[in-house]
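Input: a single structure, listed below in structure tokens.
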Amino acid sequence: MSPLFLIICHNAQPTLPILLRYYTMIETAIRRYCLAIHALVAFVGKSISYLMPVLAFVVAFEVFSRYFLNKPTIWAYDLSLFIFGYIAALGGAYAQQQRAHINVDILYNKVSPRMRSLFNIISFCLAIFFVAIICKMSIGKFEEALQFNYRRQSEWAPHMHHYWVMMAVASFMLGLQLSSDLLEEGFHLITGKTLLPDSIRNVEETPHD
Amino acid sequence: MISIELLTGVLLLCILVTFALGAPVGLGLGGIAMAVGYITWGDGLFNVIPTTLEATHFSFILLAIPLYIYMGQLLTRSGIGDAMFNASQMLIGKVRGSLAISVIIVCSMIGAMVGIIGAGIMTSGSIALRPMLERGYNKRLALGVIMAGGGLGILIPPSIPMIMFASATQNSVGRMFIAALVPALITIVLLITYVVIACKLDHSKAPLDKAPDVPPTLKEKWFTARDGLLSLLLIVAVLGSIIMGVATPTESGAIGVVGAICLAILFKRFKPRMVRNAGMQAALLVSVAMWIIFGATVFSNFHLLMGVQNMVASFTQDLGLSPMMVIIMFQLIMLLLGFIIDEFIIVLMCAPIFTPIAVSLGFDPIWFGILMILNIEIAVQTPPYGFALFYLKGIAPPGITMLDIYKSVTPFVLIKLLVLIICMCFPELVMWLPNKLMG
Amino acid sequence: ADHNWRFANLYSRGSAFGEVYESLAKNIETMSEGRIKVQVLYSGEGVGTTGILGAVKSGLITMGAPFQSMHAGELPAGIVEIGLPGGTDDAAELTTLFQEKGWAPILKEAYGSQGLVWLDPYIQPAVYVLTKKPINSIEDFQGLKIRAPGAYGKFLRNLGASPVSLAWGEIYTSLSTGVIDGSIGSNMIDHRDGNHVEVAKYMYPLPLAGAQVLPIIVNRSAWSKLSPDLQAIVSAATTVHARDQLTKSKLWESQAVAEMEEKGLQWSPAPSDADKAAWQAAGAGLWDEYAKSDKYSAELIEVLRKEAN
Ligand code: NA
Ligand code: NA
């Protein structure tokens with residue numbers, strides 16, 4: 001535990017009201033930062049789910065057009081792949097927020113909650129390193145796509161630049177969410193308290209409607 | 001330069017550590033590859049990211065994953081999936097474990113629709129897991145049945161890995177599809193046998209349905225039967241669209257989605273909210289699956305660029321073993337590879353390296369190919385690392401831990417291992433049908 | 001070795017062509033007396049066929065044998081280079097076109113603009129279309145659903161067919177169930193490896209492209225690290241490789257055809273003169289369209305036009 005923290009919490013003398021106020025301010029700022037990211041990520045994550053029926057419709061339309069009208073489209077193939085890519089990539093941050101990404105939790109479940117926070121901090125750092133590289137490379141590819149007018153190789157030949165923008169955004173958002181989770185875990189590791197309300201991770205699960 | 005043997009060892013160690021820490025699988029694997037790659041290769045390796053992204057997100061074959069997951073979610077949320085199992089319970093509900101048996105049969109039908117593992121397991125899991133858990137089935141039995149049945153997707157034709165194998169080794173796809181039928185049938189029969197025996201021995205595994213206080217009226221029975229039949233019709237329609245040449249196995253998932261929505265309307269269970277919630281859950285699962293596939297592919301691409309395939313190739317030369325020992329050795333190598341790479345890469349890498357050796361030893365390439373498919377099915381289900389395990393965890397309810405999943409798959413993996421050994425010892429089981437039908 | 005190179009090619013491990021790329025790699029190693037070491041990577045071994053151009057450009061891969069159809073959106077001139085439908089199959093004529101009529105410098109510049117060094121291209125066998133029903137006259141293409149990407153798709157559309165986009169892994173199943181009525185293969189060997197004859201028996205005798213010209217490309221910064229003598233050695237090795245490809249691929253093509261004929265491959269009846277003319281016209285109709293895609297394509301097509309007059 002950090003010495004500063006010990007001073008603040010355990011020796012909180014009336015002579016240190018200013019430090020205490022700073023501390024509360026910082027805690028509030030961190031909490032606000034995390035909540036803002038949660039709101040943004042949840043908004044994007046829920047929004048892209050509306051692409052699911054669109055995806056199914058595009059593929060079904062291609063089948064209909066090819067089989068019944070004998071007129072295969074030139075756009076359904078690439079369009080369905082783009083939608084697929086958007087759902088797959090942009091949902092990553094929301095999945096991280098909901099802690100839905102798969103992990104092997106054998107040892108993880110056996111250690112104390114604080115130890116678990118330490119484990120998470122290491123994993124999330126590794127993950128941030130990975131998504132930072134994805135973000136950097138995607139921005140590079142975006143610039144390249146603009147410079148050389150990159151398109152898909154099909155007859156329809158749609159532009160590629162928006163895909164790389166999307167990848168940069170998706171990885172950046174995943175990075176943001178990971179940063180929020182890092183702060184959360186760090187806070188828990190140091191104070192043993194939770195930073196954010198539990199309700200934030202309860203996806204409305206209504207299987208019966 | 002670091003030797004590939006040492007690198008492989010380092011990578012394995014890193015995987016074990018990251019997994020022990022409970023890191024997200026896809027992000028962890030990608031992070032390991034980038035970190036180890038940065039040290040051994042430099043930042044030039046980061047360029048593997050764009051090509052890998054394009055290869056995973058623009059793969060039409062993988063498009064089956066979102067389409068089938070969405071279909072599965074719609075089926076379960078509209079109650080169509082339940083209708084199917086309710087009807088089956090009316091027929092064979094008196095048999096202990098009957099629901100698990102129905103699930104295996106439904107999974108086999110889903111296996112006949114999809115050609116890749118992920119789509120099979122996640123669809124089966126969406127539809128069949130909840131009905132079993134709700135009726136008080138032992139969760140390990142329920143999970144194991146889903147895994148075993150969902151994994152049949154690559155053994156029951158059509159199967160993408162089989163097409164890849166046939167192409168890489170210049171063999172007939174048709175022969176291979178037919179050759180897989182008997183092993184698939186043996187697997188299904190053994191799975192059902194296991195369920196029946198296990199439930200007989202341990203009644204807590206599968207409680208019998210309690211007799212309702214008021215016996216169902218004839219009218220209620222008729223409704224159950226009708227709903228069950230209609231749901232079954234959907235599966236038949238999706239299968240039919242493939243067989244009749246309306247759609248490819250990938251596209252048929254979209255037909256299933258449209259069919260599920262139509263059925264929901266017919267059953268008067270259609271609500272915009274149901275479609276929205278199904279879409280939300282499906283999008284989350286798709287994203288989870290695809291981040292794993294992407295991270296794992298970044299990892300295996302790094303490993304391949306460093307030359308792991310050459311390590312395998314040189315290792316298999318001049319083993320100095322008896323022919324049968326060579327075959328067994330190949331199976332062991334593939335099982336080990338299953339720890340670090342996915343179903344497609346195993347075929348891509350091992351089929352061209354191993355098959356010529358097997359053929360030169362006098363074995364039939366089709367038989368060897370079927371062994372490879374059976375082996376891959378096992379490799380993706382064995383702990384600690386296997387795509388099928390991750391897919392199953394993705395679809396399982398929150399309380400289920402990885403340890404539950406490891407324990408749940410064990411008996412079923414043993415059954416599949418048994419099938420592999422049976423097919424290895426009695427090649428006629430594999431070769432008889434294609435020889436009879438195709439000469 | 002002073003230089004450790006990775007060389008990715010467009011074929012999967014186990015394909016007949018692998019041998020020629022392996023020997024190119026070995027030649028570079030022996031001719032440079034081990035100063036350059038070349039590791040051969042097949043399709044999917046770190047980079048898929050669609051990623052080769054980008055990977056060589058970024059330096060992930062040092063040297064590549066790409067299939068330009070996969071890179072139509074990145075380097076449109078490659079589509080003209082590989083040979084638009086209806087082009088010649090005469091190797092001598094193609095060599096003149098590249099070396100004397102001015103294609104080589106244009107392509108050097110086109111690839112150079114993306115940070116790639118363009119080395120001697122090599123020729124691979126023709127592209128054919130396989131159908132489930134015999135094509136007795138060119139009208140039979142009307143309404144047929146044929147798997148044919150990019151330029152080949154446009155060509156077939158000119159003949160009244162409906163081009164379909166499908167993943168390679170689904171061609172076999174789709175032909176067998178009738179989702180599609182036919183498919184092109186990148187060559188006869190590809191048709192054989194895909195086992196397509198099991199489910200579609202009829203090959204149309206006219207090729208969609210008489211021959212395909214494929215380049216060997218090298219990452220520019222890796223290239224500039226080579227001393228002039230090593231650069232000369234790599235160039236010389238690719239020239240040997242081009243010769244190898246020509247003789248061997250002819251042999252493999254005839255073997256593949258023989259094997260498929262054994263499995264029941266049949267040729268659609270010989271086309272009439274009117275059919276041949278319609279076939280030519282469908283190909284020539286693409287020139288204008290491809291000339292528009294970028295300035296290098298325009299320059300290449302300009303050379304073709306001068307030739308034709
Ligand atoms: Na299947
Ligand atoms: Na495994």
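So you can find residues: chains in the structure tokens are A, B, ... in the order shown, residues in each start at 1, and ligands are numbered from 1 in order.
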
Long-range neighbours of Ala157 in chain A as a VMD selection string, 12 Å cut-off, only C-alpha atoms, 2 positions minimum in chain: (chain A and resid 74 to 79 149 to 155 159 to 160) or (chain C and resid 70 to 74 76 149 to 151 293)

Within 10 Å of ligand 1 (only C-alpha atoms and all ligand atoms), residues as a list in words: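 Counting only C-alpha atoms and all ligand atoms, the residues within 10 Å of ligand 1 come out as Ser108, Met109, Ile110, Gly111, Ala112, Met113, Val114, Gly115, Ile116, Ile117, Ala119, Gly120, Gly150, Gly151, Leu152, Gly153, Ile154, Leu155, Ile156, Pro157, Pro158, Ser159, Ile160, Pro161, Met162, Phe177 and Pro249 of chain B.
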
Using N, CA and C atoms, can you export the residues from the last selection as an mmCIF file, in the first residue's frame?
data_model
loop_
_atom_site.group_PDB
_atom_site.id
_atom_site.type_symbol
_atom_site.label_atom_id
_atom_site.label_comp_id
_atom_site.auth_asym_id
_atom_site.auth_seq_id
_atom_site.Cartn_x
_atom_site.Cartn_y
_atom_site.Cartn_z
ATOM 1 N N SER B 108 -26.560 -33.379 -34.200
ATOM 2 C CA SER B 108 -26.118 -34.056 -35.417
ATOM 3 C C SER B 108 -26.722 -33.385 -36.632
ATOM 4 N N MET B 109 -27.991 -32.974 -36.507
ATOM 5 C CA MET B 109 -28.624 -32.295 -37.640
ATOM 6 C C MET B 109 -27.977 -30.943 -37.875
ATOM 7 N N ILE B 110 -27.651 -30.240 -36.782
ATOM 8 C CA ILE B 110 -26.954 -28.965 -36.954
ATOM 9 C C ILE B 110 -25.587 -29.222 -37.584
ATOM 10 N N GLY B 111 -24.954 -30.328 -37.163
ATOM 11 C CA GLY B 111 -23.661 -30.704 -37.754
ATOM 12 C C GLY B 111 -23.759 -30.926 -39.234
ATOM 13 N N ALA B 112 -24.907 -31.383 -39.698
ATOM 14 C CA ALA B 112 -25.095 -31.598 -41.128
ATOM 15 C C ALA B 112 -25.336 -30.287 -41.866
ATOM 16 N N MET B 113 -25.568 -29.203 -41.116
ATOM 17 C CA MET B 113 -25.754 -27.903 -41.769
ATOM 18 C C MET B 113 -24.443 -27.143 -41.840
ATOM 19 N N VAL B 114 -23.692 -27.139 -40.744
ATOM 20 C CA VAL B 114 -22.518 -26.278 -40.680
ATOM 21 C C VAL B 114 -21.259 -27.061 -41.006
ATOM 22 N N GLY B 115 -20.230 -26.361 -41.464
ATOM 23 C CA GLY B 115 -18.984 -27.020 -41.835
ATOM 24 C C GLY B 115 -17.822 -26.647 -40.945
ATOM 25 N N ILE B 116 -18.088 -25.831 -39.914
ATOM 26 C CA ILE B 116 -16.999 -25.436 -39.019
ATOM 27 C C ILE B 116 -17.432 -25.635 -37.570
ATOM 28 N N ILE B 117 -16.462 -25.761 -36.678
ATOM 29 C CA ILE B 117 -16.755 -26.129 -35.294
ATOM 30 C C ILE B 117 -17.494 -25.034 -34.527
ATOM 31 N N ALA B 119 -19.545 -22.578 -35.298
ATOM 32 C CA ALA B 119 -20.965 -22.394 -35.573
ATOM 33 C C ALA B 119 -21.771 -23.540 -34.956
ATOM 34 N N GLY B 120 -21.245 -24.770 -35.049
ATOM 35 C CA GLY B 120 -21.947 -25.936 -34.515
ATOM 36 C C GLY B 120 -22.158 -25.835 -33.017
ATOM 37 N N GLY B 150 -22.050 -30.608 -30.799
ATOM 38 C CA GLY B 150 -21.738 -29.448 -31.629
ATOM 39 C C GLY B 150 -20.468 -29.636 -32.443
ATOM 40 N N GLY B 151 -19.518 -30.383 -31.864
ATOM 41 C CA GLY B 151 -18.254 -30.622 -32.564
ATOM 42 C C GLY B 151 -18.390 -31.525 -33.773
ATOM 43 N N LEU B 152 -19.545 -32.183 -33.909
ATOM 44 C CA LEU B 152 -19.736 -33.090 -35.044
ATOM 45 C C LEU B 152 -19.786 -32.341 -36.379
ATOM 46 N N GLY B 153 -19.901 -31.001 -36.314
ATOM 47 C CA GLY B 153 -19.995 -30.200 -37.538
ATOM 48 C C GLY B 153 -18.920 -30.485 -38.567
ATOM 49 N N ILE B 154 -17.707 -30.808 -38.128
ATOM 50 C CA ILE B 154 -16.650 -31.047 -39.123
ATOM 51 C C ILE B 154 -16.560 -32.522 -39.500
ATOM 52 N N LEU B 155 -17.263 -33.398 -38.777
ATOM 53 C CA LEU B 155 -17.210 -34.827 -39.105
ATOM 54 C C LEU B 155 -18.366 -35.207 -40.028
ATOM 55 N N ILE B 156 -19.523 -34.578 -39.809
ATOM 56 C CA ILE B 156 -20.666 -34.838 -40.681
ATOM 57 C C ILE B 156 -20.587 -33.871 -41.859
ATOM 58 N N PRO B 157 -20.659 -34.387 -43.098
ATOM 59 C CA PRO B 157 -20.575 -33.499 -44.253
ATOM 60 C C PRO B 157 -21.743 -32.507 -44.263
ATOM 61 N N PRO B 158 -21.588 -31.330 -44.862
ATOM 62 C CA PRO B 158 -20.360 -30.774 -45.434
ATOM 63 C C PRO B 158 -19.386 -30.310 -44.353
ATOM 64 N N SER B 159 -18.112 -30.382 -44.663
ATOM 65 C CA SER B 159 -17.091 -30.054 -43.685
ATOM 66 C C SER B 159 -15.959 -29.299 -44.377
ATOM 67 N N ILE B 160 -15.700 -28.084 -43.910
ATOM 68 C CA ILE B 160 -14.654 -27.272 -44.541
ATOM 69 C C ILE B 160 -13.262 -27.899 -44.363
ATOM 70 N N PRO B 161 -12.896 -28.362 -43.145
ATOM 71 C CA PRO B 161 -11.573 -28.996 -43.029
ATOM 72 C C PRO B 161 -11.395 -30.195 -43.962
ATOM 73 N N MET B 162 -12.460 -30.958 -44.211
ATOM 74 C CA MET B 162 -12.329 -32.095 -45.140
ATOM 75 C C MET B 162 -12.049 -31.601 -46.554
ATOM 76 N N PHE B 177 -16.249 -37.301 -47.762
ATOM 77 C CA PHE B 177 -17.549 -37.059 -47.130
ATOM 78 C C PHE B 177 -18.234 -38.388 -46.807
ATOM 79 N N PRO B 249 -23.703 -23.792 -47.422
ATOM 80 C CA PRO B 249 -23.831 -24.034 -45.983
ATOM 81 C C PRO B 249 -23.701 -22.742 -45.167
#

Coordinates-based distance that separates CA of Val169 in chain A from CA of Leu63 in chain B (Å, one decimal):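 CA of Val169 in chain A lies 22.1 Å from CA of Leu63 in chain B.
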
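Proximity of C:Arg147, C:Arg192, C:Lys276, C:Lys248 to chain B, computed with only C-alpha atoms, is greatest for C:Arg192.
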
Quick one: contact table of chain A to chain B, 7 Å max, nearest atom pair and distance in Å to one decimal per residue, counting only C-alpha atoms, chain and number order, as a tab-separated table?
residue	atom	partner	partner_atom	distance
A:Lys46	CA	B:Met280	CA	6.5
A:Ser49	CA	B:Met280	CA	4.9
A:Tyr50	CA	B:Gly279	CA	6.6
A:Met52	CA	B:Gly279	CA	5.5
A:Pro53	CA	B:Gly279	CA	7.0
A:Ala56	CA	B:Ala254	CA	4.9
A:Val59	CA	B:Ala254	CA	6.0
A:Ala60	CA	B:Ala254	CA	5.3
A:Val63	CA	B:Ala247	CA	6.1
A:Tyr67	CA	B:Val246	CA	6.0
A:Leu81	CA	B:Phe58	CA	5.4
A:Phe84	CA	B:His57	CA	6.9
A:Gly85	CA	B:His57	CA	4.9
A:Ile87	CA	B:Ala283	CA	6.3
A:Ala88	CA	B:Ser287	CA	4.1
A:Ala89	CA	B:Ser287	CA	6.4
A:Gly91	CA	B:Ser287	CA	5.2
A:Gly92	CA	B:Ser287	CA	5.7
A:Ala95	CA	B:Leu284	CA	6.2
A:His101	CA	B:Pro24	CA	5.5
A:Ile102	CA	B:Pro24	CA	5.4
A:Asn103	CA	B:Pro24	CA	4.7
A:Val104	CA	B:Gly22	CA	5.2
A:Asp105	CA	B:Gly22	CA	5.2
A:Ile106	CA	B:Leu403	CA	5.9
A:Leu107	CA	B:Ala20	CA	5.8
A:Tyr108	CA	B:Gly22	CA	5.5
A:Phe119	CA	B:Leu21	CA	5.3
A:Asn120	CA	B:Ala23	CA	6.9
A:Ser123	CA	B:Ala23	CA	4.9
A:Leu126	CA	B:Gly31	CA	5.4
A:Ala127	CA	B:Leu27	CA	5.2
A:Phe129	CA	B:Gly31	CA	6.5
A:Phe130	CA	B:Gly31	CA	4.7
A:Ile133	CA	B:Phe46	CA	6.9
A:Ile134	CA	B:Ile49	CA	6.5
A:Met137	CA	B:Pro50	CA	6.8
A:Ser138	CA	B:Pro50	CA	6.9
A:Pro207	CA	B:Arg77	CA	5.5
A:His208	CA	B:Arg77	CA	5.6
A:Asp209	CA	B:Met274	CA	5.4

Given 9 Å and only C-alpha atoms and all ligand atoms, residues near ligand 2 as a ChimeraX atom specification: /B:335-342,376,378-389

Keeping only N, CA, C and O atoms, write the selected residues to a file as a PDB file, in the first residue's frame.
ATOM      1  N   LEU B 335      -2.392 -33.783 -31.881  1.00  0.00           N
ATOM      2  CA  LEU B 335      -3.034 -33.469 -30.601  1.00  0.00           C
ATOM      3  C   LEU B 335      -2.274 -32.368 -29.867  1.00  0.00           C
ATOM      4  O   LEU B 335      -2.861 -31.454 -29.308  1.00  0.00           O
ATOM      5  N   LEU B 336      -0.931 -32.449 -29.928  1.00  0.00           N
ATOM      6  CA  LEU B 336      -0.119 -31.421 -29.282  1.00  0.00           C
ATOM      7  C   LEU B 336      -0.300 -30.084 -29.981  1.00  0.00           C
ATOM      8  O   LEU B 336      -0.403 -29.045 -29.342  1.00  0.00           O
ATOM      9  N   LEU B 337      -0.332 -30.121 -31.311  1.00  0.00           N
ATOM     10  CA  LEU B 337      -0.520 -28.872 -32.056  1.00  0.00           C
ATOM     11  C   LEU B 337      -1.860 -28.242 -31.707  1.00  0.00           C
ATOM     12  O   LEU B 337      -1.999 -27.024 -31.716  1.00  0.00           O
ATOM     13  N   GLY B 338      -2.834 -29.101 -31.401  1.00  0.00           N
ATOM     14  CA  GLY B 338      -4.150 -28.603 -31.020  1.00  0.00           C
ATOM     15  C   GLY B 338      -4.095 -27.697 -29.803  1.00  0.00           C
ATOM     16  O   GLY B 338      -5.009 -26.936 -29.564  1.00  0.00           O
ATOM     17  N   PHE B 339      -2.990 -27.764 -29.060  1.00  0.00           N
ATOM     18  CA  PHE B 339      -2.839 -26.866 -27.918  1.00  0.00           C
ATOM     19  C   PHE B 339      -2.645 -25.427 -28.372  1.00  0.00           C
ATOM     20  O   PHE B 339      -2.979 -24.494 -27.669  1.00  0.00           O
ATOM     21  N   ILE B 340      -2.008 -25.255 -29.529  1.00  0.00           N
ATOM     22  CA  ILE B 340      -1.653 -23.880 -29.884  1.00  0.00           C
ATOM     23  C   ILE B 340      -2.299 -23.377 -31.167  1.00  0.00           C
ATOM     24  O   ILE B 340      -2.333 -22.178 -31.385  1.00  0.00           O
ATOM     25  N   ILE B 341      -2.804 -24.230 -32.043  1.00  0.00           N
ATOM     26  CA  ILE B 341      -3.334 -23.689 -33.294  1.00  0.00           C
ATOM     27  C   ILE B 341      -4.717 -24.232 -33.614  1.00  0.00           C
ATOM     28  O   ILE B 341      -5.158 -25.223 -33.045  1.00  0.00           O
ATOM     29  N   ASP B 342      -5.407 -23.585 -34.533  1.00  0.00           N
ATOM     30  CA  ASP B 342      -6.810 -23.916 -34.770  1.00  0.00           C
ATOM     31  C   ASP B 342      -6.990 -24.995 -35.833  1.00  0.00           C
ATOM     32  O   ASP B 342      -6.033 -25.454 -36.456  1.00  0.00           O
ATOM     33  N   ILE B 376      -8.648 -33.759 -34.979  1.00  0.00           N
ATOM     34  CA  ILE B 376      -8.847 -32.316 -34.795  1.00  0.00           C
ATOM     35  C   ILE B 376     -10.019 -32.070 -33.857  1.00  0.00           C
ATOM     36  O   ILE B 376      -9.977 -31.197 -32.982  1.00  0.00           O
ATOM     37  N   ILE B 378     -10.920 -33.827 -31.465  1.00  0.00           N
ATOM     38  CA  ILE B 378     -10.449 -34.013 -30.087  1.00  0.00           C
ATOM     39  C   ILE B 378      -9.539 -32.861 -29.678  1.00  0.00           C
ATOM     40  O   ILE B 378      -9.674 -32.304 -28.586  1.00  0.00           O
ATOM     41  N   ALA B 379      -8.644 -32.485 -30.591  1.00  0.00           N
ATOM     42  CA  ALA B 379      -7.641 -31.465 -30.254  1.00  0.00           C
ATOM     43  C   ALA B 379      -8.285 -30.149 -29.828  1.00  0.00           C
ATOM     44  O   ALA B 379      -7.784 -29.470 -28.935  1.00  0.00           O
ATOM     45  N   VAL B 380      -9.392 -29.781 -30.479  1.00  0.00           N
ATOM     46  CA  VAL B 380     -10.014 -28.500 -30.123  1.00  0.00           C
ATOM     47  C   VAL B 380     -10.842 -28.603 -28.847  1.00  0.00           C
ATOM     48  O   VAL B 380     -11.366 -27.604 -28.372  1.00  0.00           O
ATOM     49  N   GLN B 381     -10.966 -29.826 -28.293  1.00  0.00           N
ATOM     50  CA  GLN B 381     -11.772 -29.997 -27.083  1.00  0.00           C
ATOM     51  C   GLN B 381     -10.950 -30.359 -25.859  1.00  0.00           C
ATOM     52  O   GLN B 381     -11.499 -30.530 -24.787  1.00  0.00           O
ATOM     53  N   THR B 382      -9.615 -30.521 -26.056  1.00  0.00           N
ATOM     54  CA  THR B 382      -8.821 -30.949 -24.910  1.00  0.00           C
ATOM     55  C   THR B 382      -8.236 -29.751 -24.186  1.00  0.00           C
ATOM     56  O   THR B 382      -7.741 -28.825 -24.798  1.00  0.00           O
ATOM     57  N   PRO B 383      -8.309 -29.758 -22.862  1.00  0.00           N
ATOM     58  CA  PRO B 383      -7.723 -28.696 -22.063  1.00  0.00           C
ATOM     59  C   PRO B 383      -6.204 -28.666 -22.244  1.00  0.00           C
ATOM     60  O   PRO B 383      -5.649 -29.707 -22.585  1.00  0.00           O
ATOM     61  N   PRO B 384      -5.521 -27.587 -21.984  1.00  0.00           N
ATOM     62  CA  PRO B 384      -6.104 -26.340 -21.488  1.00  0.00           C
ATOM     63  C   PRO B 384      -6.595 -25.427 -22.611  1.00  0.00           C
ATOM     64  O   PRO B 384      -7.373 -24.541 -22.358  1.00  0.00           O
ATOM     65  N   TYR B 385      -6.091 -25.649 -23.819  1.00  0.00           N
ATOM     66  CA  TYR B 385      -6.366 -24.687 -24.882  1.00  0.00           C
ATOM     67  C   TYR B 385      -7.104 -25.382 -25.994  1.00  0.00           C
ATOM     68  O   TYR B 385      -6.653 -26.380 -26.503  1.00  0.00           O
ATOM     69  N   GLY B 386      -8.254 -24.886 -26.357  1.00  0.00           N
ATOM     70  CA  GLY B 386      -8.973 -25.468 -27.481  1.00  0.00           C
ATOM     71  C   GLY B 386     -10.131 -24.563 -27.819  1.00  0.00           C
ATOM     72  O   GLY B 386     -10.838 -24.093 -26.935  1.00  0.00           O
ATOM     73  N   PHE B 387     -10.287 -24.306 -29.108  1.00  0.00           N
ATOM     74  CA  PHE B 387     -11.318 -23.363 -29.518  1.00  0.00           C
ATOM     75  C   PHE B 387     -12.693 -23.793 -29.027  1.00  0.00           C
ATOM     76  O   PHE B 387     -13.483 -22.978 -28.576  1.00  0.00           O
ATOM     77  N   ALA B 388     -12.968 -25.097 -29.126  1.00  0.00           N
ATOM     78  CA  ALA B 388     -14.284 -25.581 -28.743  1.00  0.00           C
ATOM     79  C   ALA B 388     -14.572 -25.263 -27.273  1.00  0.00           C
ATOM     80  O   ALA B 388     -15.690 -24.905 -26.910  1.00  0.00           O
ATOM     81  N   LEU B 389     -13.543 -25.369 -26.441  1.00  0.00           N
ATOM     82  CA  LEU B 389     -13.711 -25.056 -25.018  1.00  0.00           C
ATOM     83  C   LEU B 389     -14.115 -23.597 -24.834  1.00  0.00           C
ATOM     84  O   LEU B 389     -14.980 -23.266 -24.021  1.00  0.00           O
TER      85      LEU B 389
END

Nearest-residue call for chain B, choices C:Ala274, C:Val47, C:Ala161, C:Met63, using only C-alpha atoms: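 When distances to chain B are compared using only C-alpha atoms, the smallest one comes from C:Val47.
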
DSSP-assigned helix (DSSP H, G or I) among range 7-203 of chain A, expressed as an MDAnalysis selection string: chainID A and resid 7:10 17:48 51:67 76:97 113:148 161:191 198:201

Selection near Ile200 in chain A, 12 Å with only C-alpha atoms, sequence-local residues under 3 positions removed, as number ranges by chain: A: 34-39, 41-42, 94, 97-99, 194-197, 203-204

Those same residues - N, CA and C atoms - I'd like them written as a compact mmCIF listing (two decimals), in the first residue's frame.
# COMPACT_ATOMS: atom_id res chain seq x y z
N CYS A 34 -14.31 6.70 -15.66
CA CYS A 34 -14.73 5.32 -15.91
C CYS A 34 -16.19 5.26 -16.35
N LEU A 35 -17.02 6.03 -15.66
CA LEU A 35 -18.46 5.99 -16.00
C LEU A 35 -18.70 6.53 -17.41
N ALA A 36 -17.96 7.57 -17.77
CA ALA A 36 -18.11 8.13 -19.12
C ALA A 36 -17.74 7.08 -20.16
N ILE A 37 -16.62 6.39 -19.93
CA ILE A 37 -16.19 5.36 -20.88
C ILE A 37 -17.22 4.24 -20.93
N HIS A 38 -17.71 3.84 -19.76
CA HIS A 38 -18.72 2.79 -19.73
C HIS A 38 -19.93 3.17 -20.58
N ALA A 39 -20.35 4.44 -20.43
CA ALA A 39 -21.54 4.89 -21.16
C ALA A 39 -21.29 4.86 -22.66
N VAL A 41 -18.99 3.13 -24.39
CA VAL A 41 -18.80 1.77 -24.89
C VAL A 41 -20.12 1.01 -24.95
N ALA A 42 -20.95 1.21 -23.92
CA ALA A 42 -22.24 0.51 -23.90
C ALA A 42 -23.12 1.00 -25.05
N TYR A 94 -17.32 -3.56 -25.68
CA TYR A 94 -18.49 -3.87 -24.86
C TYR A 94 -18.33 -5.24 -24.19
N GLN A 97 -16.15 -4.72 -21.31
CA GLN A 97 -16.89 -4.07 -20.23
C GLN A 97 -17.72 -5.09 -19.45
N GLN A 98 -18.39 -5.98 -20.18
CA GLN A 98 -19.23 -6.98 -19.53
C GLN A 98 -18.40 -8.16 -19.03
N ARG A 99 -17.09 -8.08 -19.20
CA ARG A 99 -16.16 -9.17 -18.86
C ARG A 99 -16.63 -10.48 -19.51
N THR A 194 -14.74 -1.31 -4.06
CA THR A 194 -15.04 -1.23 -5.49
C THR A 194 -15.27 0.21 -5.89
N LEU A 195 -14.81 0.53 -7.09
CA LEU A 195 -14.88 1.90 -7.57
C LEU A 195 -16.24 2.20 -8.17
N LEU A 196 -16.77 1.21 -8.91
CA LEU A 196 -18.02 1.42 -9.65
C LEU A 196 -19.12 0.54 -9.07
N PRO A 197 -20.37 0.97 -9.20
CA PRO A 197 -21.48 0.13 -8.70
C PRO A 197 -21.55 -1.19 -9.49
N VAL A 203 -26.04 -7.12 -17.58
CA VAL A 203 -26.73 -6.99 -18.86
C VAL A 203 -28.16 -7.44 -18.62
N GLU A 204 -29.11 -6.74 -19.21
CA GLU A 204 -30.49 -7.18 -19.04
C GLU A 204 -30.63 -8.54 -19.72

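Residue-level contacts from chain B to chain C at 7 Å, counting only C-alpha atoms, read Gly44, Leu45, Asn47, Val48, Thr51, Ala55, Phe60, Ile61, Ile160, Ile163, Ser167, Ala168, Thr169, Gln170, Ser172, Val173, Ile242, Ile243, Met244, Gly245, Val246, Ala247, Thr248, Asn301, Phe302, Leu304, Leu305 and Pro352 of chain B.
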
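Taking only C-alpha atoms into account, chain C lies nearest to A:Leu146 out of the set A:Leu40, A:Leu146, A:Ala100, A:Cys125.
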
Which residue of C:Ala242, C:Lys201, C:Ala25, C:Ser183 approaches Asn4 in chain C most closely, using only C-alpha atoms: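 Selected residue with least distance to Asn4 in chain C: C:Ala25.
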
Who sits within 12 Å of range 419-421 of chain B, only C-alpha atoms, same chain under 2 positions skipped, as number ranges by chain: B: 155, 180, 182-191, 324, 327-328, 331-332, 335, 367-379, 412-417, 423-427, 429-430
